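Trainee: Enclosed is the structure file final-v6.csv (CSV, C-alpha atoms).
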```csv
chain,number,residue,atom,x,y,z
Z,1,MET,CA,15.0,24.2,37.6
Z,2,PHE,CA,18.1,25.2,35.6
Z,3,SER,CA,19.7,26.8,38.7
Z,4,SER,CA,20.6,23.3,39.8
Z,5,LEU,CA,22.6,23.0,36.6
Z,6,ALA,CA,24.2,26.4,37.1
Z,7,SER,CA,25.6,25.5,40.5
Z,8,LEU,CA,27.4,22.4,39.1
Z,9,GLN,CA,31.1,22.1,38.8
Z,10,PRO,CA,32.2,21.9,35.1
Z,11,ARG,CA,33.2,18.3,35.4
Z,12,GLN,CA,29.8,17.4,36.9
Z,13,LEU,CA,28.0,19.2,34.1
Z,14,ALA,CA,30.1,17.2,31.6
Z,15,ALA,CA,29.1,14.1,33.4
Z,16,GLN,CA,25.4,15.0,33.2
Z,17,VAL,CA,25.7,15.8,29.5
Z,18,LEU,CA,27.6,12.5,29.0
Z,19,ASN,CA,24.6,10.6,30.5
Z,20,PHE,CA,22.3,12.0,27.9
Z,21,ALA,CA,24.9,11.4,25.1
Z,22,LEU,CA,25.2,7.8,26.2
Z,23,VAL,CA,21.4,7.3,26.1
Z,24,LEU,CA,21.4,8.4,22.5
Z,25,SER,CA,24.6,6.6,21.4
Z,26,THR,CA,23.6,3.3,23.2
Z,27,ALA,CA,20.2,3.4,21.4
Z,28,PHE,CA,22.0,4.0,18.1
Z,29,MET,CA,24.6,1.3,18.7
Z,30,LEU,CA,22.0,-1.3,19.7
Z,31,TRP,CA,20.2,-0.6,16.4
Z,32,LYS,CA,23.5,-0.9,14.5
Z,33,GLY,CA,24.3,-4.1,16.5
Z,34,LEU,CA,21.0,-5.6,15.4
Z,35,SER,CA,21.8,-4.6,11.8
Z,36,VAL,CA,25.1,-6.3,11.9
Z,37,PHE,CA,23.6,-9.4,13.6
Z,38,THR,CA,20.8,-9.8,11.0
Z,39,ASN,CA,23.0,-8.5,8.1
Z,40,SER,CA,20.2,-6.2,7.2
Z,41,SER,CA,20.4,-2.4,6.7
Z,42,SER,CA,17.1,-2.0,8.4
Z,43,PRO,CA,16.3,-5.0,10.7
Z,44,ILE,CA,13.0,-3.6,12.0
Z,45,VAL,CA,10.5,-1.9,9.5
Z,46,VAL,CA,7.0,-0.6,9.8
Z,47,VAL,CA,4.2,-1.6,7.3
Z,48,LEU,CA,3.1,1.6,5.5
Z,49,SER,CA,0.4,0.3,3.2
Z,50,GLY,CA,-2.4,-2.2,3.2
Z,51,SER,CA,-1.1,-4.2,0.2
Z,52,MET,CA,-0.4,-7.3,2.4
Z,53,GLU,CA,-3.7,-7.5,4.2
Z,54,PRO,CA,-5.0,-9.5,5.9
Z,55,ALA,CA,-1.5,-10.8,6.8
Z,56,PHE,CA,-0.1,-7.4,7.7
Z,57,GLU,CA,-1.9,-4.2,8.4
Z,58,ARG,CA,-0.6,-0.6,8.3
Z,59,GLY,CA,1.4,0.1,11.4
Z,60,ASP,CA,2.6,-3.4,12.1
Z,61,LEU,CA,6.2,-3.8,13.1
Z,62,LEU,CA,8.2,-6.4,11.2
Z,63,PHE,CA,11.4,-8.1,12.2
Z,64,LEU,CA,13.8,-9.0,9.4
Z,65,TRP,CA,16.5,-11.6,8.9
Z,66,ASN,CA,18.9,-11.3,5.9
Z,67,ARG,CA,21.1,-14.3,6.3
Z,68,GLY,CA,18.9,-16.8,4.5
Z,69,MET,CA,20.1,-16.2,1.0
Z,70,ASP,CA,18.1,-19.0,-0.6
Z,71,THR,CA,14.7,-17.3,-0.4
Z,72,GLN,CA,11.8,-19.6,-1.3
Z,73,VAL,CA,8.5,-18.8,-3.0
Z,74,GLY,CA,5.9,-17.9,-0.4
Z,75,GLU,CA,8.4,-16.0,1.9
Z,76,ILE,CA,7.6,-12.4,2.6
Z,77,VAL,CA,10.5,-10.1,1.9
Z,78,VAL,CA,11.2,-6.4,2.3
Z,79,TYR,CA,12.9,-4.8,-0.7
Z,80,ASN,CA,13.9,-1.3,-1.9
Z,81,VAL,CA,12.9,-0.3,-5.4
Z,82,ARG,CA,16.1,0.7,-7.1
Z,83,GLY,CA,16.6,4.5,-6.8
Z,84,LYS,CA,13.9,4.9,-4.1
Z,85,ASP,CA,14.3,4.7,-0.4
Z,86,ILE,CA,10.8,3.3,0.4
Z,87,PRO,CA,10.8,-0.3,1.6
Z,88,ILE,CA,8.0,-2.5,0.3
Z,89,VAL,CA,6.8,-5.6,2.0
Z,90,HIS,CA,5.5,-8.3,-0.4
Z,91,ARG,CA,5.4,-12.0,-0.9
Z,92,VAL,CA,7.8,-13.9,-3.3
Z,93,VAL,CA,5.7,-15.5,-6.1
Z,94,ARG,CA,8.4,-16.6,-8.5
Z,95,ARG,CA,12.1,-17.5,-8.4
Z,96,PHE,CA,14.7,-17.4,-11.2
Z,97,GLY,CA,18.2,-18.7,-10.9
Z,98,GLY,CA,19.6,-19.8,-7.5
Z,99,GLY,CA,22.5,-22.3,-7.1
Z,100,SER,CA,25.4,-21.0,-9.2
Z,101,ALA,CA,23.4,-18.3,-11.0
Z,102,PRO,CA,22.4,-15.2,-8.9
Z,103,LEU,CA,18.9,-15.6,-7.4
Z,104,GLN,CA,16.2,-13.4,-8.8
Z,105,LEU,CA,12.7,-12.9,-7.4
Z,106,LEU,CA,9.3,-11.7,-8.5
Z,107,THR,CA,7.1,-10.4,-5.7
Z,108,LYS,CA,3.4,-9.5,-5.3
Z,109,GLY,CA,1.3,-8.0,-2.5
Z,110,ASP,CA,-1.4,-10.4,-1.2
Z,111,ASN,CA,-3.9,-7.6,-1.4
Z,112,ASN,CA,-2.9,-6.4,-4.9
Z,113,ALA,CA,-4.4,-7.6,-8.1
Z,114,ALA,CA,-1.2,-7.6,-10.1
Z,115,ASP,CA,2.4,-8.6,-9.3
Z,116,ASP,CA,5.1,-6.0,-8.6
Z,117,THR,CA,6.4,-5.6,-12.2
Z,118,GLU,CA,4.8,-2.1,-12.3
Z,119,LEU,CA,6.5,-1.1,-9.1
Z,120,TYR,CA,10.0,-2.0,-10.0
Z,121,ALA,CA,12.2,0.7,-11.6
Z,122,ARG,CA,12.0,1.2,-15.4
Z,123,GLY,CA,13.7,-1.7,-17.2
Z,124,GLN,CA,13.8,-3.8,-14.1
Z,125,ASP,CA,11.7,-7.0,-14.3
Z,126,TYR,CA,12.8,-8.8,-11.1
Z,127,LEU,CA,14.6,-8.3,-7.8
Z,128,GLU,CA,18.2,-9.4,-7.2
Z,129,ARG,CA,18.2,-11.2,-3.9
Z,130,SER,CA,21.7,-10.1,-2.9
Z,131,LYS,CA,21.3,-6.4,-3.9
Z,132,ASP,CA,17.7,-5.3,-3.6
Z,133,VAL,CA,16.3,-7.4,-0.7
Z,134,VAL,CA,16.6,-5.9,2.8
Z,135,GLY,CA,15.6,-9.1,4.5
Z,136,SER,CA,12.8,-11.8,5.0
Z,137,VAL,CA,10.2,-11.3,7.6
Z,138,VAL,CA,10.7,-13.6,10.5
Z,139,GLY,CA,8.3,-12.1,13.1
Z,140,TYR,CA,6.0,-9.2,13.7
Z,141,VAL,CA,4.2,-7.2,16.4
Z,142,PRO,CA,0.9,-5.6,15.4
Z,143,PHE,CA,0.1,-1.9,15.6
Z,144,VAL,CA,3.1,-0.9,17.6
Z,145,GLY,CA,4.7,0.7,14.5
Z,146,TYR,CA,2.1,3.4,14.3
Z,147,VAL,CA,4.4,5.6,16.5
Z,148,THR,CA,7.0,5.6,13.7
Z,149,ILE,CA,4.3,6.5,11.1
Z,150,LEU,CA,3.3,9.4,13.4
Z,151,LEU,CA,6.9,10.5,13.8
Z,152,SER,CA,7.5,10.6,10.1
Z,153,GLU,CA,4.2,12.3,9.3
Z,154,TYR,CA,4.6,14.9,12.0
Z,155,PRO,CA,8.4,15.6,12.2
Z,156,TRP,CA,8.0,18.2,15.0
Z,157,LEU,CA,7.1,15.2,17.2
Z,158,LYS,CA,10.6,13.9,16.9
Z,159,THR,CA,12.1,17.2,18.0
Z,160,ALA,CA,9.6,17.4,20.9
Z,161,MET,CA,10.4,13.9,22.1
Z,162,LEU,CA,14.1,14.4,21.9
Z,163,GLY,CA,13.9,17.7,23.7
Z,164,PHE,CA,11.8,16.3,26.4
Z,165,MET,CA,14.2,13.3,26.9
Z,166,ALA,CA,17.2,15.7,27.0
Z,167,LEU,CA,15.6,17.8,29.7
Z,168,THR,CA,14.8,14.8,31.9
Z,169,VAL,CA,18.1,13.1,31.6
Z,170,VAL,CA,20.3,16.1,32.0
Z,171,LEU,CA,18.4,17.6,35.0
Z,172,GLN,CA,18.0,14.3,36.8
Z,173,ARG,CA,21.0,13.4,39.0
Z,174,GLU,CA,20.6,9.8,40.0
F,1,MET,CA,25.6,28.3,50.0
F,2,SER,CA,22.5,27.9,47.8
F,3,ASP,CA,19.7,30.3,48.0
F,4,SER,CA,17.2,27.9,46.5
F,5,HIS,CA,15.4,25.1,48.3
F,6,ILE,CA,14.7,21.6,47.5
F,7,SER,CA,11.9,19.2,48.3
F,8,PRO,CA,12.8,17.7,51.7
F,9,TYR,CA,10.9,14.6,50.7
F,10,SER,CA,13.2,13.8,47.8
F,11,LEU,CA,16.0,11.6,49.0
F,12,ASN,CA,17.8,12.2,45.7
F,13,ASP,CA,17.7,16.0,46.0
F,14,LEU,CA,18.8,15.7,49.7
F,15,LYS,CA,21.8,13.6,48.8
F,16,ASN,CA,22.8,15.6,45.8
F,17,THR,CA,22.6,18.9,47.6
F,18,THR,CA,24.6,17.6,50.6
F,19,ASP,CA,27.2,16.1,48.2
F,20,ASP,CA,27.6,19.4,46.4
F,21,ALA,CA,27.8,21.3,49.7
F,22,LEU,CA,30.5,18.9,50.9
F,23,GLY,CA,32.6,19.5,47.8
F,24,ASN,CA,32.2,23.3,48.1
F,25,TYR,CA,33.1,23.2,51.8
F,26,LEU,CA,36.2,21.1,51.4
F,27,ARG,CA,37.4,23.1,48.4
F,28,GLY,CA,36.9,26.2,50.5
F,29,LEU,CA,39.1,24.7,53.2
F,30,HIS,CA,41.8,24.4,50.5
F,31,PHE,CA,41.6,20.7,50.0
F,32,LYS,CA,43.1,19.9,46.7
F,33,GLN,CA,40.5,17.8,44.8
F,34,ASP,CA,41.7,14.7,43.0
F,35,ASN,CA,39.5,14.2,39.9
F,36,SER,CA,41.3,11.3,38.4
F,37,LYS,CA,38.6,8.8,38.8
F,38,LEU,CA,35.9,11.1,37.4
F,39,ASP,CA,38.2,12.1,34.5
F,40,PHE,CA,38.8,8.4,33.6
F,41,ARG,CA,35.0,7.8,33.5
F,42,LEU,CA,34.5,10.9,31.4
F,43,ALA,CA,37.3,9.9,29.0
F,44,ILE,CA,35.9,6.4,28.5
F,45,GLY,CA,32.3,7.7,28.2
F,46,TYR,CA,33.1,10.4,25.7
F,47,THR,CA,35.3,8.0,23.6
F,48,ALA,CA,32.4,5.7,23.3
F,49,VAL,CA,30.2,8.6,22.3
F,50,VAL,CA,32.7,9.7,19.7
F,51,ILE,CA,32.8,6.1,18.2
F,52,ALA,CA,29.1,6.1,18.0
F,53,ALA,CA,29.1,9.6,16.3
F,54,VAL,CA,31.7,8.5,13.8
F,55,THR,CA,29.7,5.4,13.0
F,56,PHE,CA,26.6,7.5,12.5
F,57,VAL,CA,28.3,9.9,10.1
F,58,ALA,CA,29.9,7.1,8.1
F,59,ASP,CA,26.7,5.3,7.8
F,60,TYR,CA,24.9,8.5,6.8
F,61,LYS,CA,27.4,9.4,4.2
F,62,LEU,CA,28.5,6.1,2.8
F,63,GLY,CA,25.4,3.8,3.3
F,64,TRP,CA,25.0,0.4,4.8
F,65,ASP,CA,26.9,-1.9,2.4
F,66,ALA,CA,30.1,0.1,2.4
F,67,THR,CA,30.2,0.5,6.2
F,68,LYS,CA,29.0,-2.9,7.3
F,69,ASN,CA,32.3,-4.3,8.5
F,70,GLY,CA,33.4,-1.0,10.1
F,71,THR,CA,30.1,-0.8,11.9
F,72,ALA,CA,30.6,-4.3,13.3
F,73,VAL,CA,34.0,-3.3,14.7
F,74,ALA,CA,32.5,-0.1,16.1
F,75,VAL,CA,29.7,-1.9,17.8
F,76,ALA,CA,32.1,-4.3,19.5
F,77,ALA,CA,34.4,-1.5,20.6
F,78,TYR,CA,31.4,0.4,22.0
F,79,ALA,CA,30.2,-2.6,23.9
F,80,VAL,CA,33.6,-3.1,25.5
F,81,LEU,CA,33.9,0.6,26.4
F,82,ASN,CA,30.4,0.7,27.9
F,83,GLY,CA,31.3,-2.4,29.9
F,84,VAL,CA,34.4,-0.7,31.3
F,85,PHE,CA,32.4,2.5,32.0
F,86,THR,CA,29.8,0.6,33.9
F,87,TYR,CA,32.4,-1.4,35.8
F,88,TRP,CA,34.2,1.8,36.7
F,89,LEU,CA,31.1,3.5,37.8
F,90,TYR,CA,29.8,0.7,40.0
F,91,PHE,CA,33.0,-0.9,41.4
F,92,VAL,CA,35.7,1.7,41.3
F,93,GLU,CA,33.9,5.0,41.9
F,94,LYS,CA,31.2,3.4,44.2
F,95,GLY,CA,29.5,6.5,45.3
F,96,LEU,CA,32.6,8.6,45.5
F,97,ILE,CA,31.8,12.3,45.9
F,98,PHE,CA,35.1,13.8,46.9
F,99,GLU,CA,38.7,12.7,46.9
F,100,GLY,CA,41.6,15.0,47.7
F,101,ASN,CA,44.4,15.9,50.1
F,102,ARG,CA,45.5,18.7,52.3
F,103,GLU,CA,48.8,19.2,53.8
F,104,GLY,CA,49.8,15.6,52.9
F,105,ARG,CA,46.8,14.0,54.4
F,106,LYS,CA,44.5,12.2,51.9
F,107,ILE,CA,40.8,11.8,52.3
F,108,SER,CA,38.2,10.0,50.2
F,109,LEU,CA,34.5,10.4,50.8
F,110,ALA,CA,31.7,8.3,49.3
F,111,SER,CA,28.0,8.8,50.1
F,112,ARG,CA,24.9,6.8,49.8
F,113,THR,CA,21.3,6.7,51.0
F,114,LYS,CA,18.9,3.9,51.8
F,115,LYS,CA,15.5,3.9,50.3
F,116,HIS,CA,12.8,5.5,52.6
F,117,THR,CA,15.4,6.4,55.2
F,118,PRO,CA,16.2,10.1,55.6
F,119,THR,CA,19.8,9.5,56.6
F,120,TYR,CA,23.1,10.5,55.0
F,121,PHE,CA,25.6,7.7,55.0
F,122,LEU,CA,29.2,8.9,54.5
F,123,THR,CA,32.1,6.5,54.1
F,124,VAL,CA,35.4,8.1,55.0
F,125,THR,CA,38.7,6.6,53.9
F,126,SER,CA,41.8,8.2,55.3
F,127,SER,CA,45.4,8.1,54.3
F,128,SER,CA,45.9,4.8,56.1
F,129,ASN,CA,43.3,3.2,53.8
F,130,GLN,CA,40.9,2.5,56.7
F,131,SER,CA,37.3,3.2,56.0
F,132,ARG,CA,34.5,3.9,58.4
F,133,GLU,CA,30.9,4.7,57.7
F,134,LEU,CA,29.3,7.6,59.4
F,135,GLU,CA,25.6,8.4,59.4
F,136,CYS,CA,23.6,11.4,60.2
F,137,PRO,CA,19.9,12.3,59.6
F,138,PHE,CA,19.4,14.9,56.9
F,139,THR,CA,17.3,16.9,59.3
F,140,THR,CA,20.5,18.0,61.0
F,141,TRP,CA,21.2,20.4,58.2
F,142,PHE,CA,18.0,20.8,56.3
F,143,THR,CA,15.0,22.8,57.4
F,144,GLU,CA,11.5,21.6,57.2
F,145,ASP,CA,11.0,23.6,54.1
F,146,GLY,CA,14.0,22.1,52.4
F,147,TYR,CA,16.6,24.9,52.9
F,148,PHE,CA,20.2,23.7,53.4
F,149,VAL,CA,21.9,25.3,56.4
F,150,ALA,CA,25.7,25.0,56.1
F,151,LYS,CA,26.8,25.4,59.7
F,152,PRO,CA,25.4,22.3,61.3
F,153,PHE,CA,26.6,20.3,58.3
F,154,GLN,CA,30.2,21.6,58.7
F,155,GLN,CA,30.1,21.2,62.4
F,156,TRP,CA,29.2,17.5,62.0
F,157,LEU,CA,31.9,16.9,59.4
F,158,ALA,CA,34.6,18.7,61.4
F,159,SER,CA,33.7,16.8,64.6
F,160,THR,CA,33.6,13.4,63.1
F,161,VAL,CA,36.3,13.5,60.4
F,162,ASP,CA,39.8,14.2,61.8
F,163,VAL,CA,41.2,15.6,58.6
F,164,ILE,CA,38.4,18.1,58.2
F,165,GLY,CA,38.4,19.0,61.9
F,166,GLY,CA,42.1,19.7,61.5
F,167,ALA,CA,41.4,22.1,58.7
F,168,ASP,CA,38.4,23.8,60.2
F,169,VAL,CA,39.1,24.0,63.9
F,170,LYS,CA,36.3,26.5,64.6
F,171,SER,CA,33.6,24.0,63.7
F,172,VAL,CA,34.9,21.2,65.9
F,173,GLY,CA,33.2,20.3,69.1
F,174,LYS,CA,30.0,22.2,68.5
F,175,SER,CA,28.3,19.4,66.7
F,176,GLU,CA,24.8,18.5,67.9
F,177,ALA,CA,24.4,15.8,65.3
F,178,GLU,CA,22.1,13.6,67.4
F,179,SER,CA,20.0,16.5,68.8
F,180,SER,CA,16.3,16.6,68.2
F,181,VAL,CA,16.5,20.3,67.5
F,182,VAL,CA,15.8,21.2,63.9
F,183,PRO,CA,17.7,24.3,62.6
F,184,GLU,CA,15.4,27.1,61.6
F,185,ALA,CA,15.9,29.0,58.4
F,186,GLU,CA,17.5,32.4,58.6
F,187,SER,CA,15.4,35.4,57.6
F,188,ASN,CA,14.8,35.4,53.8
F,189,GLY,CA,15.9,31.8,53.8
F,190,THR,CA,19.6,32.8,53.5
F,191,PRO,CA,21.5,30.3,55.5
F,192,SER,CA,24.3,31.4,57.8
F,193,ALA,CA,27.7,31.9,56.2
F,194,SER,CA,30.4,29.2,56.4
F,195,GLY,CA,32.1,28.4,59.7
F,196,ALA,CA,33.3,32.0,60.6
F,197,ASP,CA,30.4,32.8,62.9
F,198,ALA,CA,32.2,33.2,66.2
F,199,LYS,CA,29.4,35.0,68.1
F,200,SER,CA,27.2,31.9,67.9
F,201,LYS,CA,29.3,30.1,70.5
F,202,GLY,CA,27.1,28.7,73.2
F,203,THR,CA,23.8,29.9,71.5
F,204,LYS,CA,21.1,27.3,71.4
F,205,ARG,CA,20.2,26.7,67.8
F,206,SER,CA,16.6,26.5,68.6
F,207,LYS,CA,16.5,30.3,69.0
F,208,LYS,CA,16.2,32.4,65.9
F,209,LYS,CA,19.3,34.5,65.4
F,210,GLY,CA,18.5,38.2,65.8
```
As structure tokens, what does this structure read like?

Mentor:
Amino acid sequence: MFSSLASLQPRQLAAQVLNFALVLSTAFMLWKGLSVFTNSSSPIVVVLSGSMEPAFERGDLLFLWNRGMDTQVGEIVVYNVRGKDIPIVHRVVRRFGGGSAPLQLLTKGDNNAADDTELYARGQDYLERSKDVVGSVVGYVPFVGYVTILLSEYPWLKTAMLGFMALTVVLQRE
Amino acid sequence: MSDSHISPYSLNDLKNTTDDALGNYLRGLHFKQDNSKLDFRLAIGYTAVVIAAVTFVADYKLGWDATKNGTAVAVAAYAVLNGVFTYWLYFVEKGLIFEGNREGRKISLASRTKKHTPTYFLTVTSSSNQSRELECPFTTWFTEDGYFVAKPFQQWLASTVDVIGGADVKSVGKSEAESSVVPEAESNGTPSASGADAKSKGTKRSKKKG
């Protein structure tokens, strides 16, 4: 199988490696392009908990839009708790400010008994719309996000997938 | 040439093996290969990859907010470079497998295959910028098991392309490109050496060489 690679001229080998590199870099640039378009650092997120049931289940894929800066009560937003990197998907239940004052939001999971004051960082009582919110949910696809959950819970899957992809693209000459 | 064999049912493998053999054959005949088109494609492609890599590192180190605007520029640049790359691949290179010159005469060869047709289509463009398309069934130089036999391939090339025939006089005039005879593999599957096989003159290829 690899003998076909060994018989290649160096430029042809470079061309085959380039094909694989382009697959990776195009995927990455498409993701970044979507980020730029939606103005969100993470335009597609996976629901990790059941705190928004029955609206969203664990494993749902959410599409975010971060250019609507005047978030209303009832909108579902994704935010990062200050200092942590875990995105949380909850509904806005209260607004403060807006207009000339910076907009601040209080959120609560539909399936939770209490609002998110406990979840915020120590000393933080509300979210800053401009700083903490990653985006508002504008659409979703159920269940598809489970692949991401698997990849993060079993990191060897990531390596295996990448390795398999590399093999097929570099050895295929079409 | 190669000691390994390919699947004779895979059009892709047939074409790639033939293309590689053609390159090796012409380089062996002291054709100087002109890689400028491939080099341009590699340059464009790797530049785009480098831009993506730099964007990745910057985003990893500095975070989203700091790199937002730079990322937007990078994405636009990447899209443009990818567009140029695709255009170059499909419209300029257009199936090019060998481009070079020998003793002042230029030659440019592009190949293609048609789905479900076991025929090699070779477009030859000479110094005078005239192109013609030649075709020949793959069975002329592949055995039933998928071993590549160099001699009939070189004979076909030398007889049908003047520039190659001029460089490899020994192979001219012995082409049986349209024959129904399928070349048999040599013992151990090692195909015969390149063109310098003088004692085969007049021997019917259907007989196994002793």

Trainee: For a test of reading the model, state the distance in Å between CA of Ser42 in chain Z and CA of Val169 in chain Z, rounded to one decimal.

Mentor: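 Going from CA of Ser42 in chain Z over to CA of Val169 in chain Z, I get 27.7 Å.
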
Trainee: Need to verify the contact set: range 137-150 of chain Z, 9 Å, all atoms listed in the file, exclusion of same-chain residues closer than 3 positions in sequence. Can you return it as a PDB file with C-alpha atoms, keeping the file's coordinate frame?

Mentor:
```pdb
ATOM      1  CA  VAL Z  45      10.500  -1.900   9.500  1.00  0.00           C
ATOM      2  CA  VAL Z  46       7.000  -0.600   9.800  1.00  0.00           C
ATOM      3  CA  VAL Z  47       4.200  -1.600   7.300  1.00  0.00           C
ATOM      4  CA  LEU Z  48       3.100   1.600   5.500  1.00  0.00           C
ATOM      5  CA  PHE Z  56      -0.100  -7.400   7.700  1.00  0.00           C
ATOM      6  CA  GLU Z  57      -1.900  -4.200   8.400  1.00  0.00           C
ATOM      7  CA  ARG Z  58      -0.600  -0.600   8.300  1.00  0.00           C
ATOM      8  CA  GLY Z  59       1.400   0.100  11.400  1.00  0.00           C
ATOM      9  CA  ASP Z  60       2.600  -3.400  12.100  1.00  0.00           C
ATOM     10  CA  LEU Z  61       6.200  -3.800  13.100  1.00  0.00           C
ATOM     11  CA  LEU Z  62       8.200  -6.400  11.200  1.00  0.00           C
ATOM     12  CA  PHE Z  63      11.400  -8.100  12.200  1.00  0.00           C
ATOM     13  CA  LEU Z  64      13.800  -9.000   9.400  1.00  0.00           C
ATOM     14  CA  TRP Z  65      16.500 -11.600   8.900  1.00  0.00           C
ATOM     15  CA  ASN Z  66      18.900 -11.300   5.900  1.00  0.00           C
ATOM     16  CA  GLU Z  75       8.400 -16.000   1.900  1.00  0.00           C
ATOM     17  CA  ILE Z  76       7.600 -12.400   2.600  1.00  0.00           C
ATOM     18  CA  VAL Z  77      10.500 -10.100   1.900  1.00  0.00           C
ATOM     19  CA  VAL Z  78      11.200  -6.400   2.300  1.00  0.00           C
ATOM     20  CA  VAL Z  89       6.800  -5.600   2.000  1.00  0.00           C
ATOM     21  CA  GLU Z 153       4.200  12.300   9.300  1.00  0.00           C
ATOM     22  CA  TYR Z 154       4.600  14.900  12.000  1.00  0.00           C
ATOM     23  CA  PRO Z 155       8.400  15.600  12.200  1.00  0.00           C
ATOM     24  CA  LEU Z 157       7.100  15.200  17.200  1.00  0.00           C
TER      25      LEU Z 157
END
```

Trainee: For CA of Gly83 in chain Z and CA of Lys32 in chain Z, quote the distance in Å rounded to one decimal.

Mentor: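 Separating CA of Gly83 in chain Z from CA of Lys32 in chain Z is a distance of 23.0 Å.
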
Trainee: If we count all atoms listed in the file, what is near Asn16 in chain F at a cut-off of 9 Å, once residues fewer than 4 positions away on the same chain are taken out, given as an MDAnalysis selection string?

Mentor: (chainID Z and resid 173:174) or (chainID F and resid 11:12 20:21)

Trainee: Which is closest to Leu14 in chain F among F:Thr123, F:Thr47, F:Thr143, F:Ser36, if we use all atoms listed in the file?

Mentor: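 Once distances to Leu14 in chain F are computed over all atoms listed in the file, the minimum belongs to F:Thr143.
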
Trainee: Could you check the closest approach to chain Z for each of F:Tyr46, F:Phe40, F:Phe153, F:Trp88 and tell me which residue wins, using only C-alpha atoms?

Mentor: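 With only C-alpha atoms as the atom set, the closest residue is F:Tyr46.
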
Trainee: Using all atoms listed in the file, determine which residues lie at most 12 Å from range 74-83 of chain F, disregarding the query and same-chain residues fewer than 4 positions distant; provide the list as an MDAnalysis selection string.

Mentor: (chainID Z and resid 19 22:23 25:37) or (chainID F and resid 40:56 58:59 67:70 87:91)
